[in-house]
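input.tsv (TSV, C-alpha atoms) appears below.
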```tsv
chain	number	residue	atom	x	y	z
A	798	MET	CA	-26.35	-44.63	-10.74
A	799	GLU	CA	-25.34	-48.13	-9.67
A	800	GLY	CA	-24.08	-47.97	-6.10
A	801	MET	CA	-25.05	-44.26	-5.71
A	802	SER	CA	-28.12	-42.98	-3.93
A	803	LEU	CA	-29.06	-39.32	-3.97
A	804	GLU	CA	-31.79	-39.67	-1.38
A	805	GLY	CA	-31.79	-36.52	0.71
A	806	TRP	CA	-29.65	-34.60	-1.79
A	807	LEU	CA	-30.87	-31.70	-3.97
A	808	PRO	CA	-29.21	-30.03	-6.99
A	809	ILE	CA	-28.00	-26.54	-6.06
A	810	ARG	CA	-25.97	-25.57	-9.13
A	811	ALA	CA	-25.78	-26.50	-12.81
A	812	TRP	CA	-22.93	-25.10	-14.86
A	813	GLN	CA	-20.76	-25.72	-17.88
A	814	GLU	CA	-17.09	-26.51	-17.49
A	815	ALA	CA	-14.75	-27.28	-20.38
A	816	GLY	CA	-17.74	-27.86	-22.62
A	817	GLN	CA	-19.42	-30.30	-20.22
A	818	TRP	CA	-22.38	-29.60	-17.98
A	819	ARG	CA	-22.02	-30.51	-14.31
A	820	VAL	CA	-24.38	-30.57	-11.32
A	821	ASP	CA	-23.50	-29.71	-7.73
A	822	TRP	CA	-25.58	-31.43	-5.03
A	823	CYS	CA	-26.16	-30.52	-1.37
A	824	TRP	CA	-27.42	-32.67	1.50
A	825	PHE	CA	-30.80	-31.54	2.87
A	826	GLY	CA	-31.98	-34.79	4.42
A	827	ASP	CA	-35.64	-34.34	5.38
A	828	THR	CA	-35.34	-30.60	6.08
A	829	PRO	CA	-38.32	-28.81	4.48
A	830	LEU	CA	-37.78	-25.80	2.22
A	831	HIS	CA	-39.57	-23.04	4.10
A	832	GLN	CA	-37.29	-20.11	3.22
A	833	PRO	CA	-38.52	-17.37	0.87
A	834	PHE	CA	-36.01	-18.36	-1.84
A	835	PHE	CA	-34.24	-21.57	-2.77
A	836	ARG	CA	-30.87	-19.85	-2.41
A	837	ASP	CA	-31.73	-19.06	1.23
A	838	ALA	CA	-32.33	-22.75	1.90
A	839	VAL	CA	-29.03	-23.59	0.19
A	840	GLU	CA	-27.11	-21.07	2.30
A	841	ALA	CA	-28.57	-22.59	5.47
A	842	ALA	CA	-27.79	-26.14	4.34
A	843	LEU	CA	-24.21	-25.28	3.39
A	844	ARG	CA	-23.55	-24.16	6.97
A	845	LEU	CA	-24.04	-27.74	8.16
A	846	PRO	CA	-20.73	-29.42	9.04
A	847	PHE	CA	-21.64	-32.39	6.85
A	848	ASN	CA	-21.98	-30.21	3.75
A	849	GLN	CA	-18.73	-28.43	4.53
A	850	ALA	CA	-16.95	-31.77	4.56
A	851	PHE	CA	-18.84	-33.69	1.86
A	852	ARG	CA	-20.16	-32.55	-1.50
A	853	ARG	CA	-21.29	-34.35	-4.62
A	854	GLU	CA	-20.60	-33.25	-8.15
A	855	THR	CA	-21.99	-35.27	-11.05
A	856	PRO	CA	-22.46	-35.12	-14.82
A	857	LEU	CA	-25.71	-33.58	-16.04
A	858	SER	CA	-26.88	-37.04	-17.11
A	859	THR	CA	-27.19	-37.98	-13.43
A	860	LEU	CA	-30.40	-35.95	-13.28
A	861	VAL	CA	-32.00	-38.30	-15.81
A	862	ASP	CA	-30.52	-41.37	-14.13
A	863	TRP	CA	-31.87	-40.32	-10.73
A	864	GLN	CA	-35.30	-39.66	-12.20
A	865	MET	CA	-35.39	-43.17	-13.67
A	866	CYS	CA	-34.22	-44.64	-10.37
A	867	SER	CA	-36.48	-42.55	-8.12
A	868	PRO	CA	-39.19	-40.57	-9.94
A	869	GLY	CA	-40.26	-37.48	-8.03
A	870	LEU	CA	-43.50	-35.56	-8.11
A	871	ALA	CA	-44.31	-33.84	-11.38
A	872	PRO	CA	-44.94	-30.08	-11.03
A	873	SER	CA	-48.52	-29.29	-10.03
A	874	ALA	CA	-48.24	-25.55	-10.75
A	875	PHE	CA	-45.83	-22.94	-12.09
A	876	ILE	CA	-45.74	-19.37	-10.76
A	877	PHE	CA	-44.51	-16.71	-13.19
A	878	HIS	CA	-44.41	-13.06	-12.17
A	879	ALA	CA	-43.40	-9.53	-13.05
A	880	SER	CA	-41.18	-9.22	-9.91
A	881	ARG	CA	-41.87	-7.30	-6.70
A	882	CYS	CA	-45.56	-8.14	-7.01
A	883	GLY	CA	-46.44	-10.76	-4.37
A	884	SER	CA	-45.16	-14.01	-5.86
A	885	THR	CA	-43.03	-14.63	-2.77
A	886	LEU	CA	-46.12	-14.17	-0.59
A	887	ILE	CA	-47.93	-16.87	-2.58
A	888	SER	CA	-44.99	-19.26	-2.36
A	889	GLN	CA	-44.61	-18.62	1.38
A	890	MET	CA	-48.31	-19.25	1.94
A	891	LEU	CA	-48.04	-22.60	0.14
A	892	ALA	CA	-44.88	-23.45	2.08
A	893	GLN	CA	-47.04	-23.58	5.23
A	894	LEU	CA	-48.46	-26.87	3.93
A	895	ASP	CA	-46.52	-30.04	4.77
A	896	ASN	CA	-47.75	-31.81	1.65
A	897	HIS	CA	-46.42	-29.08	-0.66
A	898	ILE	CA	-42.86	-28.77	-1.93
A	899	VAL	CA	-42.25	-25.17	-2.98
A	900	ILE	CA	-39.14	-24.39	-5.03
A	901	SER	CA	-38.65	-20.65	-5.38
A	902	GLU	CA	-36.35	-19.29	-8.10
A	903	ALA	CA	-33.80	-22.11	-8.11
A	904	PRO	CA	-30.65	-21.04	-10.03
A	905	PRO	CA	-30.12	-24.50	-11.62
A	906	LEU	CA	-33.51	-24.28	-13.32
A	907	ASP	CA	-32.77	-20.85	-14.77
A	908	ALA	CA	-29.37	-22.09	-15.96
A	909	LEU	CA	-30.88	-25.05	-17.81
A	910	LEU	CA	-33.84	-23.11	-19.23
A	911	ARG	CA	-31.49	-20.58	-20.83
A	912	SER	CA	-28.70	-23.00	-21.74
A	913	ASP	CA	-27.49	-23.79	-25.25
A	914	LEU	CA	-27.95	-27.52	-24.78
A	915	PRO	CA	-29.52	-29.47	-27.66
A	916	ALA	CA	-33.30	-29.40	-27.35
A	917	VAL	CA	-33.78	-33.07	-26.44
A	918	GLU	CA	-30.98	-33.03	-23.89
A	919	ARG	CA	-32.19	-29.78	-22.35
A	920	ARG	CA	-35.75	-31.06	-21.94
A	921	ALA	CA	-34.51	-34.26	-20.33
A	922	ALA	CA	-32.28	-32.32	-17.94
A	923	ILE	CA	-35.11	-29.98	-16.91
A	924	GLU	CA	-37.46	-32.89	-16.30
A	925	GLY	CA	-34.75	-34.66	-14.30
A	926	LEU	CA	-34.02	-31.54	-12.26
A	927	LEU	CA	-37.64	-31.03	-11.27
A	928	SER	CA	-37.96	-34.73	-10.49
A	929	ALA	CA	-35.03	-34.31	-8.09
A	930	TYR	CA	-36.78	-31.36	-6.45
A	931	GLY	CA	-40.00	-33.39	-6.30
A	932	GLN	CA	-38.56	-36.20	-4.17
A	933	ARG	CA	-40.74	-37.12	-1.20
A	934	ARG	CA	-38.14	-36.45	1.48
A	935	LEU	CA	-40.73	-36.27	4.30
A	936	GLY	CA	-42.98	-38.98	2.91
A	937	VAL	CA	-46.11	-36.79	2.96
A	938	GLU	CA	-45.54	-34.58	-0.06
A	939	GLN	CA	-48.23	-34.61	-2.74
A	940	ARG	CA	-47.66	-31.41	-4.74
A	941	LEU	CA	-44.68	-29.62	-6.25
A	942	VAL	CA	-44.99	-25.89	-6.95
A	943	ILE	CA	-42.25	-24.12	-8.90
A	944	LYS	CA	-41.80	-20.34	-8.76
A	945	LEU	CA	-39.55	-19.09	-11.53
A	946	ASP	CA	-37.41	-16.01	-11.96
A	947	ALA	CA	-39.24	-13.06	-13.50
A	948	TRP	CA	-37.33	-13.22	-16.79
A	949	ASN	CA	-38.15	-16.93	-17.23
A	950	ILE	CA	-41.51	-15.96	-18.74
A	951	GLY	CA	-39.59	-16.12	-22.01
A	952	GLU	CA	-38.87	-19.82	-21.42
A	953	LEU	CA	-42.48	-20.78	-20.70
A	954	PRO	CA	-42.94	-22.49	-24.10
A	955	LEU	CA	-40.02	-24.79	-23.25
A	956	LEU	CA	-41.55	-25.67	-19.88
A	957	ARG	CA	-44.84	-26.36	-21.65
A	958	GLU	CA	-43.03	-28.84	-23.88
A	959	CYS	CA	-41.78	-30.64	-20.76
A	960	PHE	CA	-45.00	-30.36	-18.72
A	961	PRO	CA	-47.90	-29.58	-21.08
A	962	ASP	CA	-50.61	-30.27	-18.49
A	963	THR	CA	-49.21	-28.23	-15.60
A	964	PRO	CA	-51.30	-25.10	-14.91
A	965	TRP	CA	-49.53	-21.78	-14.46
A	966	LEU	CA	-50.25	-18.23	-13.44
A	967	PHE	CA	-48.74	-14.84	-14.14
A	968	LEU	CA	-48.73	-12.41	-11.24
A	969	TYR	CA	-48.21	-8.70	-11.86
A	970	ARG	CA	-48.70	-5.29	-10.28
A	971	ASP	CA	-49.12	-1.67	-11.26
A	972	PRO	CA	-45.86	-1.01	-13.13
A	973	LEU	CA	-45.17	2.29	-11.35
A	974	GLU	CA	-45.04	0.48	-8.00
A	975	ILE	CA	-42.75	-2.22	-9.42
A	976	ALA	CA	-40.47	0.39	-10.98
A	977	VAL	CA	-40.09	2.32	-7.72
A	978	SER	CA	-39.10	-0.90	-5.96
A	979	HIS	CA	-36.38	-1.56	-8.53
A	980	LEU	CA	-35.11	2.01	-8.31
A	981	ARG	CA	-34.77	1.55	-4.56
A	982	ARG	CA	-33.04	-1.81	-4.84
A	983	PRO	CA	-32.71	-3.17	-8.38
A	984	GLY	CA	-33.21	-6.82	-9.05
A	985	MET	CA	-30.66	-8.67	-11.14
A	986	HIS	CA	-32.73	-8.31	-14.30
A	987	MET	CA	-32.92	-4.55	-13.84
A	988	VAL	CA	-29.14	-4.09	-13.94
A	989	PRO	CA	-27.63	-3.88	-17.45
A	990	TRP	CA	-25.80	-7.04	-18.55
A	991	MET	CA	-26.28	-8.76	-15.18
A	992	ILE	CA	-28.28	-11.84	-16.22
A	993	GLY	CA	-27.20	-12.35	-19.83
A	994	ALA	CA	-29.55	-12.66	-22.78
A	995	SER	CA	-33.25	-12.81	-21.94
A	996	VAL	CA	-36.70	-11.94	-23.25
A	997	LEU	CA	-36.31	-8.53	-21.60
A	998	ASP	CA	-33.59	-7.36	-23.97
A	999	ASP	CA	-34.06	-4.70	-26.64
A	1000	GLU	CA	-31.63	-2.92	-28.94
A	1001	LEU	CA	-32.14	0.57	-27.58
A	1002	PRO	CA	-29.22	2.41	-25.95
A	1003	PHE	CA	-29.04	2.90	-22.19
A	1004	ALA	CA	-30.69	6.24	-21.41
A	1005	GLY	CA	-30.75	6.27	-17.63
A	1006	ARG	CA	-32.12	4.00	-14.91
A	1007	GLU	CA	-35.73	5.15	-15.15
A	1008	ASP	CA	-35.86	4.53	-18.88
A	1009	PHE	CA	-34.06	1.17	-18.63
A	1010	ILE	CA	-36.27	-0.17	-15.84
A	1011	ALA	CA	-39.49	1.01	-17.48
A	1012	ARG	CA	-38.52	-0.52	-20.83
A	1013	ARG	CA	-37.63	-3.88	-19.33
A	1014	LEU	CA	-40.75	-3.86	-17.20
A	1015	GLY	CA	-42.86	-3.14	-20.26
A	1016	ARG	CA	-41.30	-6.05	-22.13
A	1017	LEU	CA	-41.84	-8.30	-19.11
A	1018	LEU	CA	-45.52	-7.41	-18.87
A	1019	GLN	CA	-45.93	-7.75	-22.64
A	1020	ALA	CA	-44.33	-11.21	-22.53
A	1021	GLY	CA	-46.65	-12.24	-19.68
A	1022	LEU	CA	-49.66	-11.04	-21.65
A	1023	ALA	CA	-48.58	-12.86	-24.81
A	1024	GLN	CA	-47.96	-16.11	-22.95
A	1025	CYS	CA	-51.28	-15.91	-21.10
A	1026	ARG	CA	-53.06	-15.58	-24.42
A	1027	ALA	CA	-51.00	-18.29	-26.15
A	1028	PHE	CA	-50.90	-20.88	-23.37
A	1029	GLY	CA	-53.92	-20.20	-21.18
A	1030	GLY	CA	-52.20	-18.75	-18.11
A	1031	LEU	CA	-54.16	-17.32	-15.19
A	1032	ALA	CA	-53.58	-13.56	-14.82
A	1033	VAL	CA	-53.51	-12.39	-11.17
A	1034	ASN	CA	-53.05	-8.84	-9.91
A	1035	TYR	CA	-51.15	-8.06	-6.70
A	1036	SER	CA	-54.22	-6.12	-5.54
A	1037	GLU	CA	-56.11	-9.42	-5.18
A	1038	LEU	CA	-53.70	-10.75	-2.54
A	1039	PRO	CA	-53.98	-12.32	-0.09
A	1040	ASP	CA	-57.76	-12.90	-0.24
A	1041	VAL	CA	-57.58	-14.59	-3.64
A	1042	MET	CA	-55.82	-17.53	-1.95
A	1043	ALA	CA	-59.15	-18.37	-0.35
A	1044	GLY	CA	-60.96	-18.16	-3.68
A	1045	ARG	CA	-59.91	-18.90	-7.23
A	1046	LEU	CA	-56.24	-19.51	-6.36
A	1047	ALA	CA	-57.27	-22.04	-3.73
A	1048	GLU	CA	-58.99	-23.95	-6.51
A	1049	PHE	CA	-56.05	-23.35	-8.85
A	1050	PHE	CA	-53.64	-24.90	-6.33
A	1051	GLY	CA	-56.09	-27.62	-5.30
A	1052	LEU	CA	-56.40	-26.57	-1.64
A	1053	ASP	CA	-59.05	-28.12	0.59
A	1054	ASP	CA	-60.97	-26.20	3.27
A	1055	VAL	CA	-58.39	-26.88	5.99
A	1056	GLN	CA	-55.49	-25.84	3.77
A	1057	ARG	CA	-57.26	-22.62	2.78
A	1058	LYS	CA	-57.04	-21.63	6.44
A	1059	GLN	CA	-53.51	-22.92	6.98
A	1060	VAL	CA	-51.96	-20.85	4.20
A	1061	PHE	CA	-53.02	-17.62	5.89
A	1062	ALA	CA	-50.57	-18.28	8.73
A	1063	ALA	CA	-47.97	-16.51	6.58
A	1064	VAL	CA	-50.11	-13.42	6.03
A	1065	GLY	CA	-48.99	-10.50	8.17
A	1066	GLN	CA	-45.34	-11.44	7.81
A	1067	HIS	CA	-43.08	-9.77	5.29
A	1068	ALA	CA	-42.75	-12.43	2.57
A	1069	LYS	CA	-39.03	-11.87	1.91
A	1070	ARG	CA	-38.18	-11.17	5.57
A	1071	PRO	CA	-40.46	-13.46	7.64
A	1072	SER	CA	-39.24	-11.96	10.93
A	1073	ASP	CA	-40.68	-8.56	9.93
A	1074	VAL	CA	-44.32	-7.48	9.93
A	1075	PHE	CA	-45.76	-6.78	6.48
A	1076	VAL	CA	-46.86	-3.20	5.81
A	1077	GLY	CA	-48.55	-2.28	2.53
A	1078	ASP	CA	-46.45	0.11	0.48
A	1079	SER	CA	-48.44	0.92	-2.65
A	1080	ASP	CA	-49.28	4.48	-1.58
A	1081	SER	CA	-45.75	5.29	-0.44
A	1082	LYS	CA	-44.29	3.99	-3.71
A	1083	ARG	CA	-46.65	6.14	-5.74
A	1084	ARG	CA	-45.72	9.22	-3.71
A	1085	GLU	CA	-42.03	8.44	-4.16
A	1086	ALA	CA	-42.18	8.12	-7.94
A	1087	SER	CA	-40.50	11.00	-9.76
A	1088	VAL	CA	-42.02	12.80	-12.74
A	1089	LEU	CA	-39.40	11.20	-14.99
A	1090	LEU	CA	-40.19	7.71	-13.78
A	1091	ARG	CA	-43.92	8.28	-14.22
A	1092	GLU	CA	-43.34	9.43	-17.78
A	1093	GLN	CA	-41.19	6.43	-18.68
A	1094	VAL	CA	-43.60	3.95	-17.10
A	1095	GLU	CA	-46.51	5.49	-18.98
A	1096	ARG	CA	-44.53	5.32	-22.21
A	1097	TRP	CA	-43.27	1.75	-21.95
A	1098	ALA	CA	-45.30	-0.25	-19.43
A	1099	ARG	CA	-48.79	1.15	-19.01
A	1100	ALA	CA	-50.31	-0.32	-22.17
A	1101	PRO	CA	-49.33	-3.97	-21.49
A	1102	TYR	CA	-50.45	-3.57	-17.88
A	1103	GLU	CA	-53.88	-2.36	-18.94
A	1104	ALA	CA	-54.10	-5.18	-21.48
A	1105	LEU	CA	-53.32	-7.67	-18.69
A	1106	GLU	CA	-56.08	-6.12	-16.62
A	1107	ARG	CA	-58.53	-6.71	-19.47
A	1108	GLU	CA	-57.25	-10.28	-19.80
A	1109	ARG	CA	-57.74	-10.83	-16.08
A	1110	GLY	CA	-61.24	-9.42	-16.26
A	1111	SER	CA	-62.24	-11.78	-19.05
A	1112	CYS	CA	-60.73	-14.73	-17.17
A	1113	GLN	CA	-62.70	-13.84	-14.04
A	1114	VAL	CA	-65.93	-13.74	-16.04
A	1115	MET	CA	-65.18	-17.19	-17.45
A	1116	TYR	CA	-64.19	-18.41	-13.96
A	1117	ARG	CA	-67.51	-17.27	-12.46
A	1118	ARG	CA	-69.45	-18.97	-15.26
A	1119	VAL	CA	-67.63	-22.27	-14.66
```

As structure tokens, please, write out the structure in this file.
Amino acid sequence: MEGMSLEGWLPIRAWQEAGQWRVDWCWFGDTPLHQPFFRDAVEAALRLPFNQAFRRETPLSTLVDWQMCSPGLAPSAFIFHASRCGSTLISQMLAQLDNHIVISEAPPLDALLRSDLPAVERRAAIEGLLSAYGQRRLGVEQRLVIKLDAWNIGELPLLRECFPDTPWLFLYRDPLEIAVSHLRRPGMHMVPWMIGASVLDDELPFAGREDFIARRLGRLLQAGLAQCRAFGGLAVNYSELPDVMAGRLAEFFGLDDVQRKQVFAAVGQHAKRPSDVFVGDSDSKRREASVLLREQVERWARAPYEALERERGSCQVMYRRV
């Protein structure tokens, strides 16, 4: 790192080339990350003339070197989710706060979490990556919130090894509503062989889209349930949003009275398309669901969903007692 400063630069890609891991960096300066997803912020930054002319590519070890040279904020919260269930709304609400850095589904983090790096090297790289994201580029940042990809619930134990004291939540929704959303426009993890090996995989043959989506959704909800029980995660249902951000999630994220009001500036906007007005779609999704989809969801995903609801209920009782 001698003679090299990465101030104002953020990692946008981590990949393996000829057996060696590399990191691609992009200049953000002091531009805040207010877009719904990290990749949206990257696309905007890459349109800058500076980034079209200058790029930085470094060895993976640079992440550790930069952390030693300029330690960033440690993560204050992790957001795990079952997809299409309001996690983007939560991250967009927190992004209204100047003292919060919100990193939403950054591809380099997924790449490192699911890499075949040796355990010690992988942990160091993940800690270095999040330190790079936690740099105080505006000078006022106090908290770093990381929203992960849905399938990363399988890598939660690894993140717990890196950050054992960081609280985390698992957000989910009625599986029929999630399944309809993926039938309309499938996410990467709901397309066979799109994301590589993950906790969502099973050994059953492909038997149609409805069956495939319902099976993977069931495994996702089951993984969320298992991790909540094993590592003390906070279970949150989509139906609680957005009001829960003024209650137990405000305490979870450490929001003061002023911030509890500020986060609601994002409510009313479509979380993934901020220029659009949000319209609730639970009823329309239920009406749209075919008989086949309902059958598959009941077979594969209903039981873990109901178990999560019981888990959430017990957590709320404990929360009220505290």

Check the smallest atom-to-atom distance from each of A:Leu830, A:Leu870, A:Ala1004, A:Val917 to Ile900 of chain A using all atoms listed in the file, then report the winner.
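Result for the nearest residue to Ile900 of chain A: A:Leu830.
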
Leaving out segment 961-974 of chain A and any residue of its chain fewer than 6 positions from it, which residues lie within 6 Å of it when counting only C-alpha atoms, given as a list in words?
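Listed by chain and then number, they are Ser873, Ala874, Phe875, Ile876, Phe877, His878, Ala879, Cys882, Gly1030, Leu1031, Ala1032, Val1033, Asn1034, Tyr1035 and Lys1082 of chain A.
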
Pick from A:Ala841, A:Leu1001, A:Gln893, A:Cys1025, whichever lies nearest to Ala1104 of chain A using all atoms listed in the file:
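Under the stated criterion, the closest residue is A:Cys1025.
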
Kindly indicate which residue among A:Leu935, A:Cys959, A:Ile923, A:Val820 lies nearest to Leu910 of chain A, using only C-alpha atoms for the distances.
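So, comparing all the options, the nearest one is A:Ile923.
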
Per residue of segment 967-1017 of chain A within 7 Å of segment 940-952 of chain A, record the nearest atom pair and its distance in Å to one decimal, counting only C-alpha atoms, with rows in chain order and ascending residue number, as CSV.
```
residue,atom,partner,partner_atom,distance
A:Ser995,CA,A:Trp948,CA,6.6
A:Val996,CA,A:Gly951,CA,5.2
A:Leu997,CA,A:Trp948,CA,6.8
```

For atom CA of Ala1027 of chain A and atom CA of Ala871 of chain A, quote the distance in Å rounded to one decimal.
22.5 Å

Just the residues within 10 Å of segment 988-993 of chain A, please, counting only C-alpha atoms, with nothing from its chain fewer than 6 positions along; format it as a PyMOL selection string.
chain A and resi 911+948+979+1003+1006+1009-1010

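You will find atom CA of Arg981 of chain A at 27.8 Å from atom CA of Val899 of chain A.
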
Can you work out which one of A:Cys823, A:Asn896, A:Arg1084, A:Ala850 has the shortest atom-to-atom distance to Val937 of chain A, counting only C-alpha atoms?
A:Asn896

Need to verify the contact set: Trp812 of chain A, 10 Å, all atoms listed in the file, exclusion of same-chain residues closer than 2 positions in sequence. Can you return it as a list in words?
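So the residues in contact are Arg810, Glu814, Gly816, Gln817, Trp818, Arg819, Val820, Asp821, Leu857, Pro904, Pro905, Ala908, Leu909 and Ser912 of chain A.
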
Counting all atoms listed in the file, the option among A:Thr885, A:Gln813, A:Val1088, A:Thr828 closest to Pro856 of chain A
A:Gln813

Work out how far apart atom CA of Leu843 of chain A and atom CA of Cys866 of chain A are and give it in Å to one decimal.
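Distance between the two atoms: 25.8 Å.
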
Choose the residue, out of A:Ser880, A:Ala842, A:Val1064, A:Glu1000, that has the smallest atom-to-atom separation from Ile809 of chain A; count only C-alpha atoms.
A:Ala842

Gly826 of chain A surroundings by all atoms listed in the file, 10 Å radius, close-in-sequence under 4 positions cut, as a count of residues only:
8
